[in-house]
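Structure file work_32.pdb (PDB, C-alpha atoms) follows.
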ATOM      1  CA  MET A   1     -26.619  76.424 -50.111
ATOM      2  CA  TYR A   2     -27.143  73.084 -48.557
ATOM      3  CA  TYR A   3     -25.671  71.996 -45.255
ATOM      4  CA  THR A   4     -25.310  68.418 -44.199
ATOM      5  CA  HIS A   5     -25.029  67.363 -40.593
ATOM      6  CA  ALA A   6     -22.395  64.674 -40.251
ATOM      7  CA  GLN A   7     -23.207  62.113 -37.599
ATOM      8  CA  PRO A   8     -20.207  61.555 -35.298
ATOM      9  CA  GLN A   9     -18.814  58.047 -35.590
ATOM     10  CA  VAL A  10     -18.892  56.184 -32.332
ATOM     11  CA  PRO A  11     -15.658  54.258 -31.894
ATOM     12  CA  ARG A  12     -16.121  50.548 -31.549
ATOM     13  CA  THR A  13     -15.756  49.522 -27.941
ATOM     14  CA  SER A  14     -13.091  46.897 -27.380
ATOM     15  CA  ARG A  15     -14.381  43.948 -25.432
ATOM     16  CA  ILE A  16     -12.470  41.119 -23.781
ATOM     17  CA  MET A  17     -13.009  37.454 -23.073
ATOM     18  CA  THR A  18     -11.079  35.591 -20.331
ATOM     19  CA  VAL A  19     -10.826  31.810 -20.301
ATOM     20  CA  SER A  20      -8.908  29.327 -18.183
ATOM     21  CA  GLY A  21      -6.744  26.552 -19.568
ATOM     22  CA  ASN A  22      -5.452  23.389 -17.929
ATOM     23  CA  GLY A  23      -2.840  20.855 -18.953
ATOM     24  CA  LYS A  24      -1.506  17.680 -17.351
ATOM     25  CA  VAL A  25       1.425  15.378 -18.060
ATOM     26  CA  VAL A  26       1.848  12.008 -16.346
ATOM     27  CA  ALA A  27       5.312  10.584 -15.645
ATOM     28  CA  ASN A  28       6.973   7.823 -13.638
ATOM     29  CA  ALA A  29       9.069   8.768 -10.616
ATOM     30  CA  SER A  30      12.816   9.017 -11.273
ATOM     31  CA  TYR A  31      13.834   8.490  -7.659
ATOM     32  CA  VAL A  32      12.485   8.258  -4.123
ATOM     33  CA  GLN A  33      13.525  10.237  -1.059
ATOM     34  CA  LEU A  34      13.011   8.752   2.400
ATOM     35  CA  GLN A  35      13.513  10.196   5.847
ATOM     36  CA  ILE A  36      14.734   7.522   8.228
ATOM     37  CA  GLU A  37      14.976   8.142  11.967
ATOM     38  CA  VAL A  38      16.608   6.468  14.942
ATOM     39  CA  THR A  39      15.175   7.400  18.344
ATOM     40  CA  THR A  40      16.846   6.260  21.577
ATOM     41  CA  GLN A  41      16.384   7.023  25.260
ATOM     42  CA  GLY A  42      18.741   6.871  28.205
ATOM     43  CA  GLU A  43      19.183   8.037  31.767
ATOM     44  CA  SER A  44      22.047  10.254  30.623
ATOM     45  CA  VAL A  45      22.739  12.183  27.440
ATOM     46  CA  GLN A  46      25.871  10.099  26.813
ATOM     47  CA  GLN A  47      23.959   6.811  27.113
ATOM     48  CA  ALA A  48      21.219   7.931  24.713
ATOM     49  CA  GLN A  49      23.774   9.327  22.256
ATOM     50  CA  HIS A  50      25.900   6.179  22.331
ATOM     51  CA  GLN A  51      22.924   3.921  21.649
ATOM     52  CA  ASN A  52      21.729   6.223  18.901
ATOM     53  CA  ALA A  53      25.121   6.452  17.206
ATOM     54  CA  SER A  54      25.516   2.677  17.301
ATOM     55  CA  SER A  55      22.108   2.095  15.692
ATOM     56  CA  MET A  56      22.480   4.828  13.073
ATOM     57  CA  ASN A  57      25.935   3.564  12.068
ATOM     58  CA  ARG A  58      24.434   0.099  11.504
ATOM     59  CA  VAL A  59      21.631   1.637   9.416
ATOM     60  CA  ILE A  60      24.025   3.644   7.249
ATOM     61  CA  HIS A  61      26.410   0.740   6.634
ATOM     62  CA  ALA A  62      23.466  -1.502   5.727
ATOM     63  CA  LEU A  63      22.215   1.089   3.232
ATOM     64  CA  LEU A  64      25.669   1.380   1.679
ATOM     65  CA  ALA A  65      25.654  -2.409   1.287
ATOM     66  CA  LEU A  66      22.467  -2.016  -0.804
ATOM     67  CA  SER A  67      24.509   0.117  -3.262
ATOM     68  CA  ILE A  68      23.030   3.400  -2.061
ATOM     69  CA  PRO A  69      25.756   5.990  -2.813
ATOM     70  CA  ARG A  70      27.132   7.680   0.318
ATOM     71  CA  GLU A  71      26.438  11.110  -1.196
ATOM     72  CA  ASN A  72      22.745  10.152  -1.285
ATOM     73  CA  ILE A  73      22.656   9.901   2.521
ATOM     74  CA  GLN A  74      22.439  13.184   4.420
ATOM     75  CA  THR A  75      21.705  14.148   8.012
ATOM     76  CA  ALA A  76      18.351  15.954   8.192
ATOM     77  CA  ALA A  77      18.016  16.560  11.942
ATOM     78  CA  TYR A  78      19.633  15.726  15.278
ATOM     79  CA  THR A  79      17.872  16.561  18.546
ATOM     80  CA  ILE A  80      18.426  15.923  22.265
ATOM     81  CA  THR A  81      15.371  16.378  24.485
ATOM     82  CA  PRO A  82      14.909  15.834  28.228
ATOM     83  CA  ILE A  83      12.088  13.460  29.176
ATOM     84  CA  TYR A  84       9.770  13.940  32.139
ATOM     85  CA  ASP A  85       7.125  11.774  33.775
ATOM     86  CA  TYR A  86       4.307  12.941  35.991
ATOM     87  CA  VAL A  87       3.853  11.009  39.238
ATOM     88  CA  GLU A  88       0.990  12.104  41.499
ATOM     89  CA  GLY A  89       0.968  15.465  39.758
ATOM     90  CA  LYS A  90       4.680  16.029  40.175
ATOM     91  CA  GLN A  91       7.129  16.370  37.294
ATOM     92  CA  MET A  92       9.841  13.742  37.535
ATOM     93  CA  PHE A  93      12.965  13.774  35.368
ATOM     94  CA  LYS A  94      13.252  10.478  33.471
ATOM     95  CA  GLY A  95      16.212  10.896  31.141
ATOM     96  CA  TYR A  96      16.969  12.021  27.607
ATOM     97  CA  GLU A  97      15.723  11.235  24.120
ATOM     98  CA  VAL A  98      18.011  11.515  21.106
ATOM     99  CA  VAL A  99      16.611  11.585  17.562
ATOM    100  CA  ASN A 100      18.868  11.313  14.507
ATOM    101  CA  ALA A 101      17.158  11.680  11.124
ATOM    102  CA  ILE A 102      18.711  11.111   7.708
ATOM    103  CA  THR A 103      17.343  11.617   4.221
ATOM    104  CA  VAL A 104      18.116   8.922   1.676
ATOM    105  CA  LYS A 105      17.834   9.380  -2.078
ATOM    106  CA  ILE A 106      17.097   6.044  -3.781
ATOM    107  CA  PRO A 107      17.788   6.109  -7.535
ATOM    108  CA  ASP A 108      16.169   2.690  -8.107
ATOM    109  CA  THR A 109      12.513   3.055  -7.116
ATOM    110  CA  ASN A 110      12.166  -0.743  -6.957
ATOM    111  CA  LEU A 111      14.502  -0.795  -3.936
ATOM    112  CA  VAL A 112      12.316   1.315  -1.659
ATOM    113  CA  GLY A 113      10.731  -1.617   0.185
ATOM    114  CA  ALA A 114      14.102  -3.304   0.691
ATOM    115  CA  VAL A 115      15.643  -0.048   1.966
ATOM    116  CA  ILE A 116      12.860   0.401   4.527
ATOM    117  CA  ASP A 117      13.129  -3.188   5.755
ATOM    118  CA  THR A 118      16.920  -3.024   5.932
ATOM    119  CA  ALA A 119      16.841   0.229   7.886
ATOM    120  CA  VAL A 120      14.309  -1.131  10.393
ATOM    121  CA  GLU A 121      16.202  -4.413  10.822
ATOM    122  CA  ASN A 122      19.341  -2.446  11.710
ATOM    123  CA  GLY A 123      17.854  -0.082  14.262
ATOM    124  CA  ALA A 124      15.686   2.539  12.558
ATOM    125  CA  ASN A 125      12.365   2.961  14.342
ATOM    126  CA  GLN A 126      10.609   5.579  12.226
ATOM    127  CA  ILE A 127      10.140   6.318   8.520
ATOM    128  CA  SER A 128       8.742   9.834   8.586
ATOM    129  CA  SER A 129       8.263  10.519   4.880
ATOM    130  CA  ILE A 130       8.335   8.900   1.459
ATOM    131  CA  GLN A 131       8.509  11.252  -1.513
ATOM    132  CA  PHE A 132       8.420  10.158  -5.141
ATOM    133  CA  LYS A 133      10.232  12.711  -7.303
ATOM    134  CA  ILE A 134      11.133  13.413 -10.916
ATOM    135  CA  GLU A 135      14.457  14.510 -12.309
ATOM    136  CA  HIS A 136      14.152  17.516 -14.662
ATOM    137  CA  ALA A 137      10.523  18.061 -13.623
ATOM    138  CA  ASP A 138      10.546  21.470 -15.332
ATOM    139  CA  GLU A 139      10.679  19.796 -18.746
ATOM    140  CA  TYR A 140       7.407  18.029 -17.975
ATOM    141  CA  TYR A 141       5.928  21.278 -16.685
ATOM    142  CA  GLN A 142       6.729  23.028 -19.974
ATOM    143  CA  GLN A 143       4.770  20.302 -21.784
ATOM    144  CA  ALA A 144       1.837  20.726 -19.383
ATOM    145  CA  LEU A 145       1.987  24.508 -19.833
ATOM    146  CA  SER A 146       1.817  24.144 -23.616
ATOM    147  CA  LEU A 147      -1.238  21.900 -23.252
ATOM    148  CA  ALA A 148      -2.861  24.452 -20.931
ATOM    149  CA  LEU A 149      -2.371  27.253 -23.471
ATOM    150  CA  HIS A 150      -3.831  25.128 -26.277
ATOM    151  CA  ASN A 151      -6.743  24.270 -24.011
ATOM    152  CA  ALA A 152      -7.429  27.963 -23.386
ATOM    153  CA  GLN A 153      -7.237  28.760 -27.112
ATOM    154  CA  MET A 154      -9.713  25.992 -27.937
ATOM    155  CA  LYS A 155     -12.138  27.283 -25.303
ATOM    156  CA  ALA A 156     -11.931  30.812 -26.713
ATOM    157  CA  LYS A 157     -12.466  29.494 -30.246
ATOM    158  CA  THR A 158     -15.491  27.455 -29.189
ATOM    159  CA  ILE A 159     -17.070  30.425 -27.415
ATOM    160  CA  ALA A 160     -16.391  32.696 -30.386
ATOM    161  CA  GLN A 161     -17.923  30.267 -32.883
ATOM    162  CA  THR A 162     -20.951  29.650 -30.690
ATOM    163  CA  MET A 163     -21.599  33.326 -30.049
ATOM    164  CA  HIS A 164     -20.592  34.468 -33.562
ATOM    165  CA  LEU A 165     -17.815  36.674 -32.268
ATOM    166  CA  SER A 166     -14.727  37.843 -34.098
ATOM    167  CA  VAL A 167     -11.931  37.125 -31.630
ATOM    168  CA  GLN A 168      -8.387  38.347 -32.152
ATOM    169  CA  PRO A 169      -6.128  35.282 -32.462
ATOM    170  CA  GLN A 170      -3.383  36.672 -30.250
ATOM    171  CA  PRO A 171      -4.191  36.971 -26.534
ATOM    172  CA  ILE A 172      -3.619  40.287 -24.795
ATOM    173  CA  GLU A 173      -2.780  38.736 -21.420
ATOM    174  CA  ILE A 174      -1.588  35.328 -20.154
ATOM    175  CA  ILE A 175      -1.282  34.558 -16.443
ATOM    176  CA  GLU A 176       0.156  31.379 -14.928
ATOM    177  CA  GLU A 177      -2.017  30.368 -12.019
ATOM    178  CA  ASN A 178      -0.643  27.351 -10.184
ATOM    179  CA  ASP A 179       2.246  25.815  -8.309
ATOM    180  CA  HIS A 180       3.478  22.996 -10.537
ATOM    181  CA  ALA A 181       4.814  20.626  -7.879
ATOM    182  CA  PRO A 182       4.239  17.014  -9.018
ATOM    183  CA  VAL A 183       1.318  15.224  -7.367
ATOM    184  CA  LEU A 184       1.410  11.492  -6.695
ATOM    185  CA  TYR A 185      -1.556   9.434  -7.897
ATOM    186  CA  LYS A 186      -0.840   6.528  -5.523
ATOM    187  CA  SER A 187       0.700   6.432  -2.066
ATOM    188  CA  MET A 188       2.580   3.873   0.022
ATOM    189  CA  ALA A 189       0.935   0.496   0.569
ATOM    190  CA  MET A 190       0.664  -1.035   4.050
ATOM    191  CA  ALA A 191       3.513  -3.288   5.092
ATOM    192  CA  ASP A 192       3.224  -7.069   5.431
ATOM    193  CA  SER A 193       5.748  -8.334   7.978
ATOM    194  CA  SER A 194       6.080 -11.674   6.160
ATOM    195  CA  MET A 195       7.677 -10.136   3.047
ATOM    196  CA  THR A 196       9.426  -7.073   1.715
ATOM    197  CA  THR A 197       7.446  -3.923   2.429
ATOM    198  CA  PRO A 198       5.328  -3.293  -0.694
ATOM    199  CA  ILE A 199       5.550   0.232  -2.069
ATOM    200  CA  GLU A 200       3.135   1.357  -4.762
ATOM    201  CA  GLN A 201       5.063   3.689  -7.046
ATOM    202  CA  GLY A 202       2.038   4.976  -8.911
ATOM    203  CA  GLN A 203       2.588   7.863 -11.296
ATOM    204  CA  LEU A 204       3.186  11.561 -10.858
ATOM    205  CA  THR A 205       1.040  14.148 -12.576
ATOM    206  CA  ILE A 206       2.504  17.551 -13.407
ATOM    207  CA  SER A 207      -0.168  20.196 -13.901
ATOM    208  CA  ALA A 208      -0.244  23.674 -15.376
ATOM    209  CA  ALA A 209      -3.028  26.249 -15.353
ATOM    210  CA  VAL A 210      -3.326  29.575 -17.128
ATOM    211  CA  ARG A 211      -5.817  32.411 -17.435
ATOM    212  CA  VAL A 212      -5.850  33.913 -20.918
ATOM    213  CA  THR A 213      -7.576  37.095 -22.084
ATOM    214  CA  PHE A 214      -8.573  37.661 -25.709
ATOM    215  CA  GLN A 215      -9.935  40.777 -27.378
ATOM    216  CA  TYR A 216     -13.001  40.806 -29.667
TER
END
Could I get this structure in the form of structure tokens?
Amino acid sequence: MYYTHAQPQVPRTSRIMTVSGNGKVVANASYVQLQIEVTTQGESVQQAQHQNASSMNRVIHALLALSIPRENIQTAAYTITPIYDYVEGKQMFKGYEVVNAITVKIPDTNLVGAVIDTAVENGANQISSIQFKIEHADEYYQQALSLALHNAQMKAKTIAQTMHLSVQPQPIEIIEENDHAPVLYKSMAMADSSMTTPIEQGQLTISAAVRVTFQY
């Protein structure tokens, strides 16, 4: 009688490959959001408030005259702060400072310079932020995400072909990696007092990044 010794089959070890993918979509801004502030000072709260209200009312009416819808103008902050001076090391009460800040959504991005100039001419004394934004930004992000996934697949395919690996076509894990807030390529230009304030709109880039794991 003959006996044969069967060699145990060693199961094939599953191995993984992880690649990153990136995608970008460039778009023009749909609208601009400004924060416009009026700061006034007075010996009394009432004096500072009255001056502030008068200036801010002029600013708002001037913006409405530029065809900015009233619903696009919203109060962002209103503060009253006591002011002190120091004379020979002693704290001396000087009065009060009132700050009224509004946010303004400008649907026509070409009007930004005119809005800034108009606001300043009517009493605004600070523009604290200029943000270029996109309506329905998530649609652009979905496009960038698709590009990022294709980018990851191409990387995995290239590695597999180069290393002679047999990679499973379907990934076993996909992880989104980034915050997809739009990033502006260009920022505000410096103002020239002899003409309308020039604003460089630039373009917004929406990015997506993924980490994808394949089995081989």
For the interface of segment 11-51 of chain A with segment 148-171 of chain A (cut-off 9 Å, counting all atoms listed in the file), please tabulate each contacting residue of segment 11-51 of chain A alongside its nearest pair of atoms and their separation in Å to one decimal, rows sorted by chain and increasing number, as JSON lines.
{"residue": "A:Ile16", "atom": "CA", "partner": "A:Val167", "partner_atom": "CA", "distance": 8.8}
{"residue": "A:Met17", "atom": "CA", "partner": "A:Ala156", "partner_atom": "CA", "distance": 7.7}
{"residue": "A:Thr18", "atom": "CA", "partner": "A:Ala156", "partner_atom": "CA", "distance": 8.0}
{"residue": "A:Val19", "atom": "CA", "partner": "A:Ala152", "partner_atom": "CA", "distance": 6.0}
{"residue": "A:Ser20", "atom": "CA", "partner": "A:Ala152", "partner_atom": "CA", "distance": 5.6}
{"residue": "A:Gly21", "atom": "CA", "partner": "A:Ala152", "partner_atom": "CA", "distance": 4.1}
{"residue": "A:Asn22", "atom": "CA", "partner": "A:Ala148", "partner_atom": "CA", "distance": 4.1}
{"residue": "A:Gly23", "atom": "CA", "partner": "A:Ala148", "partner_atom": "CA", "distance": 4.1}
{"residue": "A:Lys24", "atom": "CA", "partner": "A:Ala148", "partner_atom": "CA", "distance": 7.8}
When the PyMOL selection byres ((chain A and resi 172) around 8) is applied to the structure above, which residues does it catch, written out as a ChimeraX atom specification? /A:170-171,173-174,212-215
Mind pulling up the distance from atom CA of Ala53 of chain A to atom CA of Pro107 of chain A? 25.8 Å
For segment 113-120 of chain A, list every protein, DNA or RNA residue within 9 Å, evaluated using only C-alpha atoms, and leave out those in the same chain fewer than 5 positions away; present the list as a PDB file with C-alpha atoms, in the frame of the given file.
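Once everything was written out, this is out-v4.pdb:
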ATOM      1  CA  LEU A  34      13.011   8.752   2.400  1.00  0.00           C
ATOM      2  CA  ILE A  36      14.734   7.522   8.228  1.00  0.00           C
ATOM      3  CA  MET A  56      22.480   4.828  13.073  1.00  0.00           C
ATOM      4  CA  ARG A  58      24.434   0.099  11.504  1.00  0.00           C
ATOM      5  CA  VAL A  59      21.631   1.637   9.416  1.00  0.00           C
ATOM      6  CA  ILE A  60      24.025   3.644   7.249  1.00  0.00           C
ATOM      7  CA  ALA A  62      23.466  -1.502   5.727  1.00  0.00           C
ATOM      8  CA  LEU A  63      22.215   1.089   3.232  1.00  0.00           C
ATOM      9  CA  LEU A  66      22.467  -2.016  -0.804  1.00  0.00           C
ATOM     10  CA  ILE A 106      17.097   6.044  -3.781  1.00  0.00           C
ATOM     11  CA  ASN A 125      12.365   2.961  14.342  1.00  0.00           C
ATOM     12  CA  GLN A 126      10.609   5.579  12.226  1.00  0.00           C
ATOM     13  CA  ILE A 127      10.140   6.318   8.520  1.00  0.00           C
ATOM     14  CA  ALA A 191       3.513  -3.288   5.092  1.00  0.00           C
ATOM     15  CA  THR A 196       9.426  -7.073   1.715  1.00  0.00           C
ATOM     16  CA  THR A 197       7.446  -3.923   2.429  1.00  0.00           C
ATOM     17  CA  PRO A 198       5.328  -3.293  -0.694  1.00  0.00           C
ATOM     18  CA  ILE A 199       5.550   0.232  -2.069  1.00  0.00           C
TER      19      ILE A 199
END
All residues 7 Å or closer to Glu177 of chain A, only C-alpha atoms, same chain fewer than 3 positions away omitted, as a ChimeraX atom specification: /A:209-211
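Considering only C-alpha atoms, the residue among A:Ser128, A:Ser54, A:Pro82, A:Tyr216 positioned nearest to Gly95 of chain A is A:Pro82.
Proximity to Leu111 of chain A was assessed for A:Ile175, A:Ile68, A:Ile206, A:Ala48 counting all atoms listed in the file; the smallest distance is recorded for A:Ile68.
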If the box runs along x, y and z of the file and leaves 6 Å on each side of segment 141-156 of chain A, what are its centre and edge lengths in Å, one decimal, as AutoDock Vina command-line options?
--center_x -2.7 --center_y 25.6 --center_z -22.3 --size_x 30.9 --size_y 22.5 --size_z 23.3
To verify the selection step, state as a list of chain:residue names which residues the PyMOL selection byres ((chain A and resi 103) around 6) yields on this input. A:Leu34, A:Gln35, A:Ile73, A:Gln74, A:Ala76, A:Ile102, A:Val104
Expected file: the selected residues, C-alpha atoms, as a compact mmCIF listing (two decimals), in the coordinates of the input:
# COMPACT_ATOMS: atom_id res chain seq x y z
CA LEU A 34 13.01 8.75 2.40
CA GLN A 35 13.51 10.20 5.85
CA ILE A 73 22.66 9.90 2.52
CA GLN A 74 22.44 13.18 4.42
CA ALA A 76 18.35 15.95 8.19
CA ILE A 102 18.71 11.11 7.71
CA VAL A 104 18.12 8.92 1.68
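If you measure from each of A:Thr109, A:Asn52, A:Asn100, A:Gln143 to Gln131 of chain A using all atoms listed in the file, the closest one turns out to be A:Thr109.
Here atom CA of Gly42 of chain A stands at a distance of 5.5 Å from atom CA of Tyr96 of chain A.
Residue nearest Glu139 of chain A, chosen from A:Ile83, A:Glu88, A:Val32, A:Ala27 and counting all atoms listed in the file: A:Ala27.
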Please write segment 24-55 of chain A of the preceding block to a file containing N, CA and C atoms, as a PDB file, in the first residue's frame?
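Saved the output as selection-v6.pdb:
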ATOM      1  N   LYS A  24      -9.869  69.021  -9.543  1.00  0.00           N
ATOM      2  CA  LYS A  24     -10.151  70.451  -9.404  1.00  0.00           C
ATOM      3  C   LYS A  24     -11.067  70.915 -10.521  1.00  0.00           C
ATOM      4  N   VAL A  25     -11.979  71.827 -10.163  1.00  0.00           N
ATOM      5  CA  VAL A  25     -12.857  72.464 -11.142  1.00  0.00           C
ATOM      6  C   VAL A  25     -12.765  73.967 -10.915  1.00  0.00           C
ATOM      7  N   VAL A  26     -12.602  74.719 -11.988  1.00  0.00           N
ATOM      8  CA  VAL A  26     -12.488  76.173 -11.898  1.00  0.00           C
ATOM      9  C   VAL A  26     -13.794  76.812 -12.366  1.00  0.00           C
ATOM     10  N   ALA A  27     -14.262  77.817 -11.608  1.00  0.00           N
ATOM     11  CA  ALA A  27     -15.522  78.478 -11.947  1.00  0.00           C
ATOM     12  C   ALA A  27     -15.435  79.960 -11.623  1.00  0.00           C
ATOM     13  N   ASN A  28     -16.267  80.752 -12.282  1.00  0.00           N
ATOM     14  CA  ASN A  28     -16.366  82.179 -11.986  1.00  0.00           C
ATOM     15  C   ASN A  28     -17.298  82.400 -10.799  1.00  0.00           C
ATOM     16  N   ALA A  29     -17.035  83.431 -10.018  1.00  0.00           N
ATOM     17  CA  ALA A  29     -17.878  83.741  -8.873  1.00  0.00           C
ATOM     18  C   ALA A  29     -19.284  84.130  -9.334  1.00  0.00           C
ATOM     19  N   SER A  30     -20.286  83.677  -8.589  1.00  0.00           N
ATOM     20  CA  SER A  30     -21.680  84.013  -8.895  1.00  0.00           C
ATOM     21  C   SER A  30     -22.096  85.316  -8.226  1.00  0.00           C
ATOM     22  N   TYR A  31     -21.512  85.580  -7.058  1.00  0.00           N
ATOM     23  CA  TYR A  31     -21.839  86.813  -6.343  1.00  0.00           C
ATOM     24  C   TYR A  31     -20.710  87.139  -5.377  1.00  0.00           C
ATOM     25  N   VAL A  32     -20.775  88.350  -4.821  1.00  0.00           N
ATOM     26  CA  VAL A  32     -19.755  88.799  -3.876  1.00  0.00           C
ATOM     27  C   VAL A  32     -20.447  89.233  -2.593  1.00  0.00           C
ATOM     28  N   GLN A  33     -19.836  88.921  -1.468  1.00  0.00           N
ATOM     29  CA  GLN A  33     -20.363  89.352  -0.173  1.00  0.00           C
ATOM     30  C   GLN A  33     -19.350  90.267   0.504  1.00  0.00           C
ATOM     31  N   LEU A  34     -19.795  91.459   0.853  1.00  0.00           N
ATOM     32  CA  LEU A  34     -18.950  92.445   1.522  1.00  0.00           C
ATOM     33  C   LEU A  34     -19.420  92.630   2.958  1.00  0.00           C
ATOM     34  N   GLN A  35     -18.498  93.008   3.820  1.00  0.00           N
ATOM     35  CA  GLN A  35     -18.887  93.514   5.137  1.00  0.00           C
ATOM     36  C   GLN A  35     -18.468  94.972   5.198  1.00  0.00           C
ATOM     37  N   ILE A  36     -19.442  95.827   5.388  1.00  0.00           N
ATOM     38  CA  ILE A  36     -19.237  97.271   5.404  1.00  0.00           C
ATOM     39  C   ILE A  36     -19.511  97.779   6.807  1.00  0.00           C
ATOM     40  N   GLU A  37     -18.620  98.622   7.335  1.00  0.00           N
ATOM     41  CA  GLU A  37     -18.759  99.088   8.704  1.00  0.00           C
ATOM     42  C   GLU A  37     -18.750 100.610   8.793  1.00  0.00           C
ATOM     43  N   VAL A  38     -19.521 101.110   9.747  1.00  0.00           N
ATOM     44  CA  VAL A  38     -19.506 102.528  10.094  1.00  0.00           C
ATOM     45  C   VAL A  38     -19.098 102.615  11.553  1.00  0.00           C
ATOM     46  N   THR A  39     -18.009 103.338  11.821  1.00  0.00           N
ATOM     47  CA  THR A  39     -17.514 103.521  13.183  1.00  0.00           C
ATOM     48  C   THR A  39     -17.584 104.999  13.534  1.00  0.00           C
ATOM     49  N   THR A  40     -18.206 105.320  14.656  1.00  0.00           N
ATOM     50  CA  THR A  40     -18.310 106.713  15.111  1.00  0.00           C
ATOM     51  C   THR A  40     -17.937 106.790  16.585  1.00  0.00           C
ATOM     52  N   GLN A  41     -17.533 107.991  17.000  1.00  0.00           N
ATOM     53  CA  GLN A  41     -17.180 108.226  18.396  1.00  0.00           C
ATOM     54  C   GLN A  41     -17.885 109.477  18.898  1.00  0.00           C
ATOM     55  N   GLY A  42     -18.170 109.483  20.180  1.00  0.00           N
ATOM     56  CA  GLY A  42     -18.824 110.645  20.784  1.00  0.00           C
ATOM     57  C   GLY A  42     -18.600 110.672  22.276  1.00  0.00           C
ATOM     58  N   GLU A  43     -18.828 111.855  22.872  1.00  0.00           N
ATOM     59  CA  GLU A  43     -18.645 111.983  24.309  1.00  0.00           C
ATOM     60  C   GLU A  43     -19.713 111.213  25.077  1.00  0.00           C
ATOM     61  N   SER A  44     -20.878 111.040  24.446  1.00  0.00           N
ATOM     62  CA  SER A  44     -21.938 110.250  25.070  1.00  0.00           C
ATOM     63  C   SER A  44     -22.366 109.132  24.128  1.00  0.00           C
ATOM     64  N   VAL A  45     -23.030 108.123  24.708  1.00  0.00           N
ATOM     65  CA  VAL A  45     -23.520 107.022  23.883  1.00  0.00           C
ATOM     66  C   VAL A  45     -24.501 107.544  22.849  1.00  0.00           C
ATOM     67  N   GLN A  46     -25.403 108.445  23.270  1.00  0.00           N
ATOM     68  CA  GLN A  46     -26.431 108.962  22.364  1.00  0.00           C
ATOM     69  C   GLN A  46     -25.810 109.706  21.182  1.00  0.00           C
ATOM     70  N   GLN A  47     -24.771 110.487  21.444  1.00  0.00           N
ATOM     71  CA  GLN A  47     -24.106 111.229  20.361  1.00  0.00           C
ATOM     72  C   GLN A  47     -23.466 110.276  19.357  1.00  0.00           C
ATOM     73  N   ALA A  48     -22.750 109.264  19.863  1.00  0.00           N
ATOM     74  CA  ALA A  48     -22.094 108.307  18.970  1.00  0.00           C
ATOM     75  C   ALA A  48     -23.121 107.496  18.197  1.00  0.00           C
ATOM     76  N   GLN A  49     -24.213 107.110  18.842  1.00  0.00           N
ATOM     77  CA  GLN A  49     -25.264 106.348  18.173  1.00  0.00           C
ATOM     78  C   GLN A  49     -25.954 107.171  17.091  1.00  0.00           C
ATOM     79  N   HIS A  50     -26.238 108.435  17.411  1.00  0.00           N
ATOM     80  CA  HIS A  50     -26.920 109.296  16.440  1.00  0.00           C
ATOM     81  C   HIS A  50     -26.074 109.495  15.186  1.00  0.00           C
ATOM     82  N   GLN A  51     -24.794 109.761  15.380  1.00  0.00           N
ATOM     83  CA  GLN A  51     -23.898 109.941  14.231  1.00  0.00           C
ATOM     84  C   GLN A  51     -23.797 108.655  13.423  1.00  0.00           C
ATOM     85  N   ASN A  52     -23.739 107.539  14.129  1.00  0.00           N
ATOM     86  CA  ASN A  52     -23.605 106.255  13.450  1.00  0.00           C
ATOM     87  C   ASN A  52     -24.849 105.937  12.643  1.00  0.00           C
ATOM     88  N   ALA A  53     -26.020 106.131  13.271  1.00  0.00           N
ATOM     89  CA  ALA A  53     -27.280 105.840  12.583  1.00  0.00           C
ATOM     90  C   ALA A  53     -27.445 106.700  11.344  1.00  0.00           C
ATOM     91  N   SER A  54     -27.065 107.976  11.460  1.00  0.00           N
ATOM     92  CA  SER A  54     -27.175 108.886  10.318  1.00  0.00           C
ATOM     93  C   SER A  54     -26.299 108.419   9.154  1.00  0.00           C
ATOM     94  N   SER A  55     -25.055 108.043   9.461  1.00  0.00           N
ATOM     95  CA  SER A  55     -24.138 107.591   8.409  1.00  0.00           C
ATOM     96  C   SER A  55     -24.581 106.270   7.806  1.00  0.00           C
TER      97      SER A  55
END
